[in-house]
Protein chains: 2
Amino acid sequence: MSVADLTTSPVTSTYTKTSSRLHSPQLSLSSTRLSVHFSRSPRPNPRAQNFKITCSVNQVPSPVAVQTEEAKNKSECFGVFCQTYDLKAEEETKSWKKLINVAVSGAAGMISNHLLFKLASGEVFGPDQPIALKLLGSERSFQALEGVAMELEDSLYPLLREVSIGINPYEVFEEVEWALLIGAKPRGPGMERAGLLDINGQIFAEQGKALNAVASRNVKVIVVGNPCNTNALICLKNAPNIPAKNFHALTRLDENRAKCQLALKAGVFYDKVSNMTIWGNHSTTQVPDFLNARINGLPVKEVIKDHKWLEEEFTEKVQKRGGVLIQKWGRSSAASTAVSIADAMKSLVTPTPEGDWFSSGVYTNGNPYGIAQDIVFSMPCRSKGDGDYELVKDVTFDKYLLKRIAKSEAELLAEKRCVAHLTGEGVAFCDLPEDTMLPGEM
Amino acid sequence: MSVADLTTSPVTSTYTKTSSRLHSPQLSLSSTRLSVHFSRSPRPNPRAQNFKITCSVNQVPSPVAVQTEEAKNKSECFGVFCQTYDLKAEEETKSWKKLINVAVSGAAGMISNHLLFKLASGEVFGPDQPIALKLLGSERSFQALEGVAMELEDSLYPLLREVSIGINPYEVFEEVEWALLIGAKPRGPGMERAGLLDINGQIFAEQGKALNAVASRNVKVIVVGNPCNTNALICLKNAPNIPAKNFHALTRLDENRAKCQLALKAGVFYDKVSNMTIWGNHSTTQVPDFLNARINGLPVKEVIKDHKWLEEEFTEKVQKRGGVLIQKWGRSSAASTAVSIADAMKSLVTPTPEGDWFSSGVYTNGNPYGIAQDIVFSMPCRSKGDGDYELVKDVTFDKYLLKRIAKSEAELLAEKRCVAHLTGEGVAFCDLPEDTMLPGEM
């Protein structure tokens with residue numbers, strides 16, 4: 001491919017900070033998609049170009065291409081990733097899948113610092129799946145974003161075909177098939193959960209609007225930033241043109257930790273634990289379900305005879321894990337969180353093993369368990385590996401389990417009332433009874 | 001597998017802090033192997049047991065098994081990894097390779113925090129290679145080591161069969177097939193390179209002795225802690241019973257960065273750059289070789305016509321990368337360093353692509369380039385994928401390249417004189433001319 005081929009792809013650097021902000025839709029959902037399109041200089045759809053470059057190529061580009069004030073305001077290819085990967089030449093010898101576009105918010109943070117390299121390595125989507133990473137950061141973190149992009153350059157991942165960085169979600173989310181929403185404001189000193197819900201809710205309302213406006217119509221969204229269930233609800237409410245089913249709140253780290261604690265208690269390796277459900281909110285009201293979980297294919301209660309431990313200590317062990325880690329390690333569990341995000345994604349793109357399931361915080365409409373409609377609740381899911389999932393039907397309940405599920409449900413309904421101003425459902429009313437943030441989380 | 005099977009594996013917790021220290025060989029090379037063996041309570045070789053457990057299993061183990069003062073002084077299985085992976089059951093359905101033992105020093109640090117998860121995921125050794133990770137830390141970092149091990153537990157990696165943590169290299173290195181020596185003291189304020197050589201040299205002398213005493217006779221050692229070439233030399237000199245050829249100083253991050261900078265300059269994707277040699281020391285005297293490197297199969301000088309840039313700017317761009325990253329990102333490049341360590345390992349366990357090569361700092365005895373004997377020098381290598389390598393013969397030199405190689409060679413000879421007290425070669429004499437630490441490294 002010659003440089004001449006690239007001239008069909010005009011640079012969009014006519015954007016300025018002001019015009020980008022002015023034209024970005026911030027208010028009306030119905031007009032967002034159009035206004036975004038009209039605010040752009042016309043350019044060919046990069047997909048239609050067989051993955052040709054989406055940004056300018058300078059024959060002698062500088063290693064750090066995005067440094068000017070102007071550039072900060074749009075999502076821009078980074079350094080060596082502004083080069084075209086010569087797909088035609090590759091196609092002669094290898095069979096590549098179609099490029100997949102993945103956006104990651106909070107991209108300059110520690111969780112992303114693990115996750116981005118996992119994604120680039122092919123660990124999630126496999127060794128024949130080229131990937132484009134679109135990093136969303138903030139004005140404050142922009143230099144760190146450049147640093148992350150430089151490290152991705154230096155890693156020479158053959159599957160990583162494009163990296164772009166930006167601070168405007170309407171640019172970064174354009175045509176993404178996956179959005180991993182990790183970035184959120186940490187809780188300040190003395191801040192109540194209600195305050196955190198409001199502050200982060202606004203971020204996720206905005207990102208929902210941006211996804212609605214510019215993302216792939218079937219984008220899969222995984223919300224990690226806390227409080228993640230209600231953030232996911234806010235996000236999906238602000239993205240009415242994307243199926244609500246596509247939004248997930250991450251409870252996979254809780255699931256993984258629960259499996260590990262059951263394995264420890266039973267004296268088996270963790271691969272023997274299956275059918276582990278986390279019900280409810282990613283908070284201290286969450287319910288790690290030992291009634292339906294299995295060890296070596298047997299009900300947990302048949303293997304672990306110490307039922308008092310199951311009822312009184314197990315859940316606490318799972319939930320306190322993050323706090324213990326902070327004590328030990330001095331920082332939060334970025335690496336294992338990134339692993340659990342990768343696990344959550346893999347669970348959607350690979351068929352669930354026969355008879356097993358995984359947990360995800362998903363939209364409750366149509367759930368078979370009698371859980372309140374219109375919230376995001378962690379429930380057992382199965383996938384055919386097509387990115388979609390179905391809820392598992394063959395689970396059993398007892399009074400103890402139902403009571404605890406009801407408590408988490410009540411909390412999520414209260415959180416929902418608390419963010420009504422962000423979901424378009426009127427005036428917020430906050431009556432959150434207690435602080436249910438998980439230890440070690442912010 | 002039943003609990004009864006495990007009783008054949010007695011716990012080694014009769015070790016105490018004092019006795020372990022007293023019996024650890026610290027002085028004599030010739031006696032180390034024996035004294036280590038005699039200082040142990042007799043126990044069956046874990047290999048001979050078909051990878052049965054190497055430590056005690058409590059039917060109701062605590063999630064954090066290693067917390068007592070006593071336990072800190074030996075390398076001990078951690079938490080869920082004290083459970084037996086039931087290999088026999090697995091063998092009926094899957095074909096696993098023989099467990100591989102990998103030790104990592106500086107295991108509580110940021111580079112390891114990336115690398116350990118890569119190793120556990122199968123990224124380096126492949127999806128059918130079970131792995132045991134042996135984490136070496138310090139008294140100070142012990143709690144952080146526990147934190148890392150907890151995150152590895154929570155990640156539920158099916159290939160990760162054993163994790164042990166410890167602060168005594170004579171315990172941690174026992175029977176390891178790989179030793180990744182990342183831990184080193186950072187340079188204190190005002191410390192000269194000579195001071196750093198001495199302080200870290202002592203660590204690597206001790207670790208060399210420990211490897212010599214207890215590691216697999218064919219252990220592959222990759223030294224990352226700086227100054228890594230001379231640390232690797234010290235290490236191999238203190239491990240006379242391990243082939244000197246098995247010791248590597250990491251220059252792969254330099255190689256990766258050099259490839260990326262050539263790609264940027266040439267306006268191609270980085271996968272088009274091959275045959276990239278880093279010659280010499282991992283310091284500012286290192287020589288990224290643009291004479292032998294190729295872009296799209298052509299000599300670099302035919303593709304990049306700006307020879308002034310190649311001679312005057314290219315090397316600086318490669319070397320300054322770490323410093324720029326620290327500026328941007330606020331910390332050193334842990335993620336891409338971990339990627340480069342994984343790359344270095346993969347280059348030894350997978351056959352080198354036809355016509356290409358990779359760089360590694362290796363022992364110079366018998367090199368075909370006329371480089372001084374008895375130092376560790378980065379040179380072009382090829383591997384059949386058996387863990388071993390051979391030096392590449394078909395490289396060309398010009399005056400410019402030879403002059404720069406000679407400078408790096410002179411520096412390494414000076415460093416060697418500076419650590420003579422650590423290599424058993426008499427009295428040290430330090431005449432290091434200048435500070436050649438790479439920007440952004442410590």
# chains A, B, ... in the order shown; residues from 1 in each chain; ligands from 1
>>> residues_around(residues="Asp388 (chain A)", least_positions_apart="3", cutoff="8 Å", atoms="only C-alpha atoms", output="number ranges by chain")
A: 246, 348, 383-385
>>> closest_atom_pairs(of="chain B", to="chain A", cutoff="7 Å", atoms="only C-alpha atoms", output="CSV")
residue,atom,partner,partner_atom,distance
B:Gln59,CA,A:Gly267,CA,5.1
B:Val60,CA,A:Lys265,CA,5.1
B:Pro61,CA,A:Leu264,CA,6.1
B:Pro63,CA,A:Leu264,CA,6.3
B:Val80,CA,A:Leu264,CA,5.3
B:Gln83,CA,A:Phe269,CA,5.5
B:Thr84,CA,A:Phe269,CA,6.3
B:Tyr85,CA,A:Phe269,CA,5.6
B:His114,CA,A:His114,CA,6.9
B:Gln143,CA,A:Lys328,CA,4.9
B:Ala144,CA,A:Trp329,CA,4.2
B:Glu146,CA,A:Lys328,CA,6.7
B:Gly147,CA,A:Trp329,CA,5.0
B:Glu151,CA,A:Ser336,CA,5.4
B:Glu153,CA,A:Cys260,CA,6.7
B:Asp154,CA,A:Arg257,CA,5.1
B:Ser155,CA,A:Ser336,CA,5.6
B:Leu156,CA,A:Tyr270,CA,6.4
B:Pro158,CA,A:Asp271,CA,6.5
B:Asn256,CA,A:Asp154,CA,5.7
B:Arg257,CA,A:Asp154,CA,5.1
B:Cys260,CA,A:Asp154,CA,6.1
B:Ala263,CA,A:Val80,CA,7.0
B:Leu264,CA,A:Val80,CA,5.3
B:Lys265,CA,A:Val60,CA,5.2
B:Ala266,CA,A:Val60,CA,6.7
B:Gly267,CA,A:Gln59,CA,5.2
B:Val268,CA,A:Gln83,CA,5.7
B:Phe269,CA,A:Gln83,CA,5.5
B:Tyr270,CA,A:Leu156,CA,6.4
B:Asp271,CA,A:Pro158,CA,6.5
B:Leu325,CA,A:Gly147,CA,5.4
B:Lys328,CA,A:Gln143,CA,4.9
B:Trp329,CA,A:Ala144,CA,4.2
B:Ser333,CA,A:Glu151,CA,6.9
B:Ser336,CA,A:Glu151,CA,5.4
B:Val339,CA,A:Ser155,CA,6.2
>>> write_last_selection(atoms="N, CA, C and O atoms", output="tab-separated table (two decimals), in the first residue's frame")
chain	number	residue	atom	x	y	z
B	59	GLN	N	-7.56	-29.91	55.34
B	59	GLN	CA	-8.88	-30.06	54.73
B	59	GLN	C	-9.66	-28.74	54.81
B	59	GLN	O	-10.50	-28.46	53.98
B	60	VAL	N	-9.36	-27.95	55.81
B	60	VAL	CA	-10.02	-26.65	55.92
B	60	VAL	C	-8.94	-25.57	56.04
B	60	VAL	O	-8.72	-25.00	57.09
B	61	PRO	N	-8.25	-25.32	54.92
B	61	PRO	CA	-7.13	-24.39	55.01
B	61	PRO	C	-7.62	-22.94	55.12
B	61	PRO	O	-8.72	-22.62	54.66
B	63	PRO	N	-7.52	-19.04	54.01
B	63	PRO	CA	-7.28	-18.47	52.69
B	63	PRO	C	-5.87	-17.89	52.55
B	63	PRO	O	-5.32	-17.87	51.48
B	80	VAL	N	-4.83	-21.43	48.02
B	80	VAL	CA	-5.49	-22.47	47.22
B	80	VAL	C	-4.48	-23.32	46.45
B	80	VAL	O	-4.78	-24.44	46.05
B	83	GLN	N	-3.58	-26.78	47.44
B	83	GLN	CA	-4.45	-27.88	47.03
B	83	GLN	C	-3.80	-28.63	45.88
B	83	GLN	O	-3.11	-28.06	45.07
B	84	THR	N	-4.06	-29.89	45.82
B	84	THR	CA	-3.53	-30.68	44.73
B	84	THR	C	-4.37	-30.47	43.48
B	84	THR	O	-5.60	-30.58	43.54
B	85	TYR	N	-3.71	-30.19	42.42
B	85	TYR	CA	-4.40	-30.25	41.15
B	85	TYR	C	-4.48	-31.71	40.77
B	85	TYR	O	-3.47	-32.41	40.71
B	114	HIS	N	2.87	-7.53	36.18
B	114	HIS	CA	2.39	-7.80	34.82
B	114	HIS	C	2.82	-9.20	34.37
B	114	HIS	O	2.03	-9.97	33.84
B	143	GLN	N	4.47	-8.96	52.68
B	143	GLN	CA	3.00	-8.80	52.64
B	143	GLN	C	2.52	-8.54	51.22
B	143	GLN	O	1.48	-9.04	50.80
B	144	ALA	N	3.29	-7.74	50.48
B	144	ALA	CA	2.92	-7.50	49.08
B	144	ALA	C	2.97	-8.80	48.27
B	144	ALA	O	2.13	-9.03	47.40
B	146	GLU	N	2.28	-11.71	49.40
B	146	GLU	CA	1.03	-12.40	49.72
B	146	GLU	C	-0.12	-11.81	48.90
B	146	GLU	O	-0.99	-12.54	48.40
B	147	GLY	N	-0.11	-10.49	48.76
B	147	GLY	CA	-1.14	-9.84	47.96
B	147	GLY	C	-1.12	-10.32	46.51
B	147	GLY	O	-2.16	-10.62	45.92
B	151	GLU	N	-4.02	-12.39	44.46
B	151	GLU	CA	-4.61	-12.02	43.16
B	151	GLU	C	-4.47	-13.15	42.15
B	151	GLU	O	-5.32	-13.31	41.28
B	153	GLU	N	-4.56	-16.30	42.99
B	153	GLU	CA	-5.64	-17.21	43.39
B	153	GLU	C	-6.95	-16.78	42.75
B	153	GLU	O	-7.66	-17.60	42.14
B	154	ASP	N	-7.27	-15.49	42.92
B	154	ASP	CA	-8.57	-14.99	42.46
B	154	ASP	C	-8.70	-15.00	40.95
B	154	ASP	O	-9.78	-14.76	40.42
B	155	SER	N	-7.60	-15.24	40.25
B	155	SER	CA	-7.65	-15.22	38.79
B	155	SER	C	-8.01	-16.58	38.20
B	155	SER	O	-8.31	-16.69	37.01
B	156	LEU	N	-7.98	-17.62	39.03
B	156	LEU	CA	-8.46	-18.95	38.64
B	156	LEU	C	-7.83	-19.47	37.35
B	156	LEU	O	-8.49	-20.13	36.55
B	158	PRO	N	-6.37	-21.86	35.02
B	158	PRO	CA	-6.32	-23.33	35.08
B	158	PRO	C	-4.91	-23.89	34.94
B	158	PRO	O	-4.62	-24.97	35.45
B	256	ASN	N	12.70	-4.19	20.91
B	256	ASN	CA	11.32	-3.86	20.53
B	256	ASN	C	11.16	-2.36	20.24
B	256	ASN	O	10.51	-1.96	19.27
B	257	ARG	N	11.78	-1.56	21.10
B	257	ARG	CA	11.69	-0.10	20.89
B	257	ARG	C	12.39	0.31	19.60
B	257	ARG	O	11.92	1.20	18.89
B	260	CYS	N	10.19	-0.41	16.69
B	260	CYS	CA	9.09	0.54	16.62
B	260	CYS	C	9.56	1.88	16.04
B	260	CYS	O	8.87	2.47	15.20
B	263	ALA	N	10.05	1.53	12.34
B	263	ALA	CA	8.74	1.47	11.67
B	263	ALA	C	8.15	2.87	11.54
B	263	ALA	O	7.66	3.25	10.47
B	264	LEU	N	8.22	3.63	12.61
B	264	LEU	CA	7.70	4.99	12.59
B	264	LEU	C	8.40	5.83	11.52
B	264	LEU	O	7.75	6.55	10.76
B	265	LYS	N	9.70	5.71	11.49
B	265	LYS	CA	10.48	6.51	10.53
B	265	LYS	C	10.18	6.10	9.10
B	265	LYS	O	10.07	6.93	8.20
B	266	ALA	N	10.02	4.79	8.89
B	266	ALA	CA	9.81	4.29	7.53
B	266	ALA	C	8.35	4.40	7.10
B	266	ALA	O	8.03	4.21	5.93
B	267	GLY	N	7.46	4.67	8.06
B	267	GLY	CA	6.03	4.73	7.71
B	267	GLY	C	5.45	3.36	7.42
B	267	GLY	O	4.62	3.20	6.52
B	268	VAL	N	5.90	2.36	8.16
B	268	VAL	CA	5.34	1.01	8.01
B	268	VAL	C	4.89	0.52	9.37
B	268	VAL	O	5.22	1.11	10.40
B	269	PHE	N	4.12	-0.55	9.38
B	269	PHE	CA	3.72	-1.14	10.65
B	269	PHE	C	4.92	-1.92	11.20
B	269	PHE	O	5.75	-2.41	10.46
B	270	TYR	N	4.95	-2.04	12.52
B	270	TYR	CA	6.17	-2.59	13.14
B	270	TYR	C	6.46	-4.05	12.78
B	270	TYR	O	7.58	-4.52	12.93
B	271	ASP	N	5.45	-4.75	12.31
B	271	ASP	CA	5.68	-6.16	11.97
B	271	ASP	C	6.54	-6.31	10.72
B	271	ASP	O	6.94	-7.42	10.38
B	325	LEU	N	8.70	8.10	28.69
B	325	LEU	CA	7.58	7.40	29.32
B	325	LEU	C	7.39	7.81	30.78
B	325	LEU	O	6.27	7.99	31.24
B	328	LYS	N	5.68	11.10	30.81
B	328	LYS	CA	4.28	11.03	30.40
B	328	LYS	C	3.42	10.34	31.43
B	328	LYS	O	2.31	10.76	31.75
B	329	TRP	N	3.92	9.26	31.92
B	329	TRP	CA	3.11	8.28	32.59
B	329	TRP	C	3.34	8.32	34.10
B	329	TRP	O	2.56	7.78	34.87
B	333	SER	N	8.27	1.91	32.75
B	333	SER	CA	7.49	1.15	31.78
B	333	SER	C	7.39	-0.31	32.19
B	333	SER	O	7.95	-1.19	31.54
B	336	SER	N	5.42	-2.76	29.34
B	336	SER	CA	6.15	-3.15	28.14
B	336	SER	C	7.44	-3.89	28.49
B	336	SER	O	7.92	-4.70	27.68
B	339	VAL	N	6.19	-7.37	28.85
B	339	VAL	CA	5.96	-7.92	27.50
B	339	VAL	C	7.29	-8.38	26.90
B	339	VAL	O	7.37	-9.47	26.32
>>> residues_around(residues="Phe377 (chain A)", least_positions_apart="4", cutoff="9 Å", atoms="only C-alpha atoms", output="short mmCIF file (atom, residue, chain, number, x, y, z; two decimals) with all heavy atoms, in the first residue's frame")
data_model
loop_
_atom_site.label_atom_id
_atom_site.label_comp_id
_atom_site.auth_asym_id
_atom_site.auth_seq_id
_atom_site.Cartn_x
_atom_site.Cartn_y
_atom_site.Cartn_z
N ASN A 229 -23.59 -1.42 39.08
CA ASN A 229 -24.93 -1.82 38.62
C ASN A 229 -25.75 -0.60 38.22
O ASN A 229 -26.36 -0.57 37.14
CB ASN A 229 -25.69 -2.56 39.73
CG ASN A 229 -25.11 -3.92 40.03
OD1 ASN A 229 -23.94 -4.02 40.33
ND2 ASN A 229 -25.94 -4.97 39.95
N ALA A 249 -22.94 -5.10 34.21
CA ALA A 249 -22.16 -4.58 35.33
C ALA A 249 -21.27 -5.73 35.81
O ALA A 249 -21.72 -6.86 35.98
CB ALA A 249 -23.09 -4.13 36.45
N TRP A 279 -25.58 -13.06 42.93
CA TRP A 279 -26.86 -12.38 42.72
C TRP A 279 -26.75 -10.93 43.20
O TRP A 279 -26.14 -10.65 44.22
CB TRP A 279 -27.97 -13.05 43.54
CG TRP A 279 -28.29 -14.46 43.15
CD1 TRP A 279 -27.79 -15.60 43.70
CD2 TRP A 279 -29.20 -14.89 42.11
NE1 TRP A 279 -28.32 -16.72 43.09
CE2 TRP A 279 -29.19 -16.30 42.11
CE3 TRP A 279 -30.01 -14.22 41.19
CZ2 TRP A 279 -29.98 -17.06 41.21
CZ3 TRP A 279 -30.78 -14.97 40.31
CH2 TRP A 279 -30.77 -16.37 40.33
N GLY A 280 -27.37 -10.03 42.42
CA GLY A 280 -27.62 -8.69 42.93
C GLY A 280 -26.61 -7.63 42.61
O GLY A 280 -26.04 -7.57 41.52
N ASN A 281 -26.37 -6.81 43.59
CA ASN A 281 -25.58 -5.61 43.44
C ASN A 281 -24.10 -5.92 43.69
O ASN A 281 -23.77 -6.78 44.50
CB ASN A 281 -26.06 -4.57 44.46
CG ASN A 281 -25.69 -3.14 44.07
OD1 ASN A 281 -25.04 -2.91 43.05
ND2 ASN A 281 -26.10 -2.18 44.89
N HIS A 282 -23.24 -5.21 43.01
CA HIS A 282 -21.81 -5.28 43.33
C HIS A 282 -21.57 -4.37 44.54
O HIS A 282 -21.09 -3.25 44.43
CB HIS A 282 -20.98 -4.82 42.12
CG HIS A 282 -19.51 -4.83 42.38
ND1 HIS A 282 -18.77 -5.97 42.51
CD2 HIS A 282 -18.62 -3.81 42.55
CE1 HIS A 282 -17.51 -5.67 42.74
NE2 HIS A 282 -17.39 -4.36 42.78
N SER A 360 -23.29 -12.23 35.61
CA SER A 360 -23.09 -10.88 35.11
C SER A 360 -24.25 -10.02 35.58
O SER A 360 -25.38 -10.50 35.71
CB SER A 360 -22.99 -10.88 33.57
OG SER A 360 -22.62 -9.59 33.12
N GLY A 361 -23.96 -8.77 35.86
CA GLY A 361 -25.01 -7.83 36.21
C GLY A 361 -25.72 -7.38 34.95
O GLY A 361 -25.12 -6.66 34.14
N VAL A 362 -26.96 -7.85 34.75
CA VAL A 362 -27.66 -7.54 33.49
C VAL A 362 -29.06 -7.01 33.78
O VAL A 362 -29.57 -7.09 34.90
CB VAL A 362 -27.72 -8.78 32.57
CG1 VAL A 362 -26.33 -9.12 32.04
CG2 VAL A 362 -28.32 -9.97 33.29
N TYR A 363 -29.66 -6.50 32.73
CA TYR A 363 -30.97 -5.85 32.85
C TYR A 363 -32.02 -6.90 33.20
O TYR A 363 -32.07 -7.97 32.62
CB TYR A 363 -31.30 -5.19 31.50
CG TYR A 363 -32.43 -4.19 31.55
CD1 TYR A 363 -32.44 -3.14 32.47
CD2 TYR A 363 -33.49 -4.28 30.63
CE1 TYR A 363 -33.47 -2.22 32.49
CE2 TYR A 363 -34.52 -3.35 30.64
CZ TYR A 363 -34.50 -2.33 31.57
OH TYR A 363 -35.52 -1.41 31.58
N THR A 364 -32.89 -6.56 34.17
CA THR A 364 -33.79 -7.58 34.73
C THR A 364 -35.07 -7.80 33.94
O THR A 364 -35.80 -8.77 34.23
CB THR A 364 -34.19 -7.21 36.18
OG1 THR A 364 -34.65 -5.87 36.21
CG2 THR A 364 -33.02 -7.40 37.13
N ILE A 371 -37.39 -11.24 40.04
CA ILE A 371 -36.67 -10.04 40.49
C ILE A 371 -37.29 -8.83 39.82
O ILE A 371 -37.74 -8.90 38.67
CB ILE A 371 -35.17 -10.18 40.14
CG1 ILE A 371 -34.54 -11.29 41.00
CG2 ILE A 371 -34.42 -8.86 40.33
CD1 ILE A 371 -33.27 -11.85 40.45
N SER A 408 -30.72 -7.19 48.32
CA SER A 408 -29.92 -6.56 47.27
C SER A 408 -30.83 -5.87 46.25
O SER A 408 -30.52 -4.78 45.75
CB SER A 408 -29.04 -7.61 46.58
OG SER A 408 -27.88 -7.02 46.02
N GLU A 409 -31.96 -6.52 45.98
CA GLU A 409 -32.96 -5.94 45.07
C GLU A 409 -33.47 -4.60 45.62
O GLU A 409 -33.56 -3.60 44.91
CB GLU A 409 -34.11 -6.94 44.92
CG GLU A 409 -35.24 -6.51 44.02
CD GLU A 409 -36.42 -7.49 44.16
OE1 GLU A 409 -36.69 -7.98 45.29
OE2 GLU A 409 -37.07 -7.77 43.13
N LEU A 412 -30.93 -1.93 45.15
CA LEU A 412 -30.82 -1.42 43.78
C LEU A 412 -32.02 -0.55 43.40
O LEU A 412 -31.88 0.41 42.64
CB LEU A 412 -30.63 -2.59 42.80
CG LEU A 412 -29.19 -3.10 42.79
CD1 LEU A 412 -29.07 -4.45 42.11
CD2 LEU A 412 -28.28 -2.08 42.10
#
>>> select_by_dssp(residues="region 272-419 of chain B", states="strand (DSSP E or B)", output="list in words")
Val273, Ser274, Thr277, Ile278, Trp279, Gly280, Val287, Pro288, Asp289, Arg294, Ile295, Leu298, Pro299, Phe358, Ser359, Ser360, Gly361, Val362, Tyr363, Val376, Phe377, Ser378, Met379, Pro380, Cys381, Arg382, Glu390 and Leu391 of chain B
>>> residues_around(residues="Ile203 (chain B)", least_positions_apart="6", cutoff="9 Å", atoms="only C-alpha atoms", output="list in words")
Gly183, Ala184, Lys185, Asn231 and Cys235 of chain B
>>> atom_distance(atom1="CA of Lys320 (chain A)", atom2="CA of Asp435 (chain A)")
14.5 Å
>>> atom_distance(atom1="CA of Ala194 (chain A)", atom2="CA of Ile167 (chain A)")
26.0 Å
>>> residues_around(residues="Glu175 (chain A)", least_positions_apart="2", cutoff="7 Å", atoms="only C-alpha atoms", output="PDB file with C-alpha atoms, in the first residue's frame")
ATOM      1  CA  PHE A 173     -16.843   5.426  20.988  1.00  0.00           C
ATOM      2  CA  GLU A 177     -18.255  -3.081  19.211  1.00  0.00           C
ATOM      3  CA  VAL A 214     -21.918   6.803  17.680  1.00  0.00           C
ATOM      4  CA  ALA A 215     -21.228   3.226  18.776  1.00  0.00           C
ATOM      5  CA  SER A 216     -22.031   0.079  16.825  1.00  0.00           C
TER       6      SER A 216
END
>>> closest_residue(among="A:Ile341, A:Val395, A:Leu197, A:Ile182", to="Cys430 (chain A)", atoms="only C-alpha atoms")
A:Leu197
>>> select_by_dssp(residues="region 108-270 of chain A", states="helix (DSSP H, G or I)", output="PyMOL selection string")
chain A and resi 110-121+142-154+169-172+193-214+228-237+244-246+252-266+270
>>> residues_around(residues="Asn212 (chain B)", least_positions_apart="6", cutoff="7 Å", atoms="only C-alpha atoms", output="ChimeraX atom specification")
/B:239-242
>>> residues_around(residues="Asp289 (chain A)", least_positions_apart="2", cutoff="6 Å", atoms="only C-alpha atoms", output="PyMOL selection string")
chain A and resi 277+287+291
>>> closest_residue(among="B:Val176, B:Ala107, B:Val273, B:Ser283", to="Val303 (chain B)", atoms="only C-alpha atoms")
B:Val273
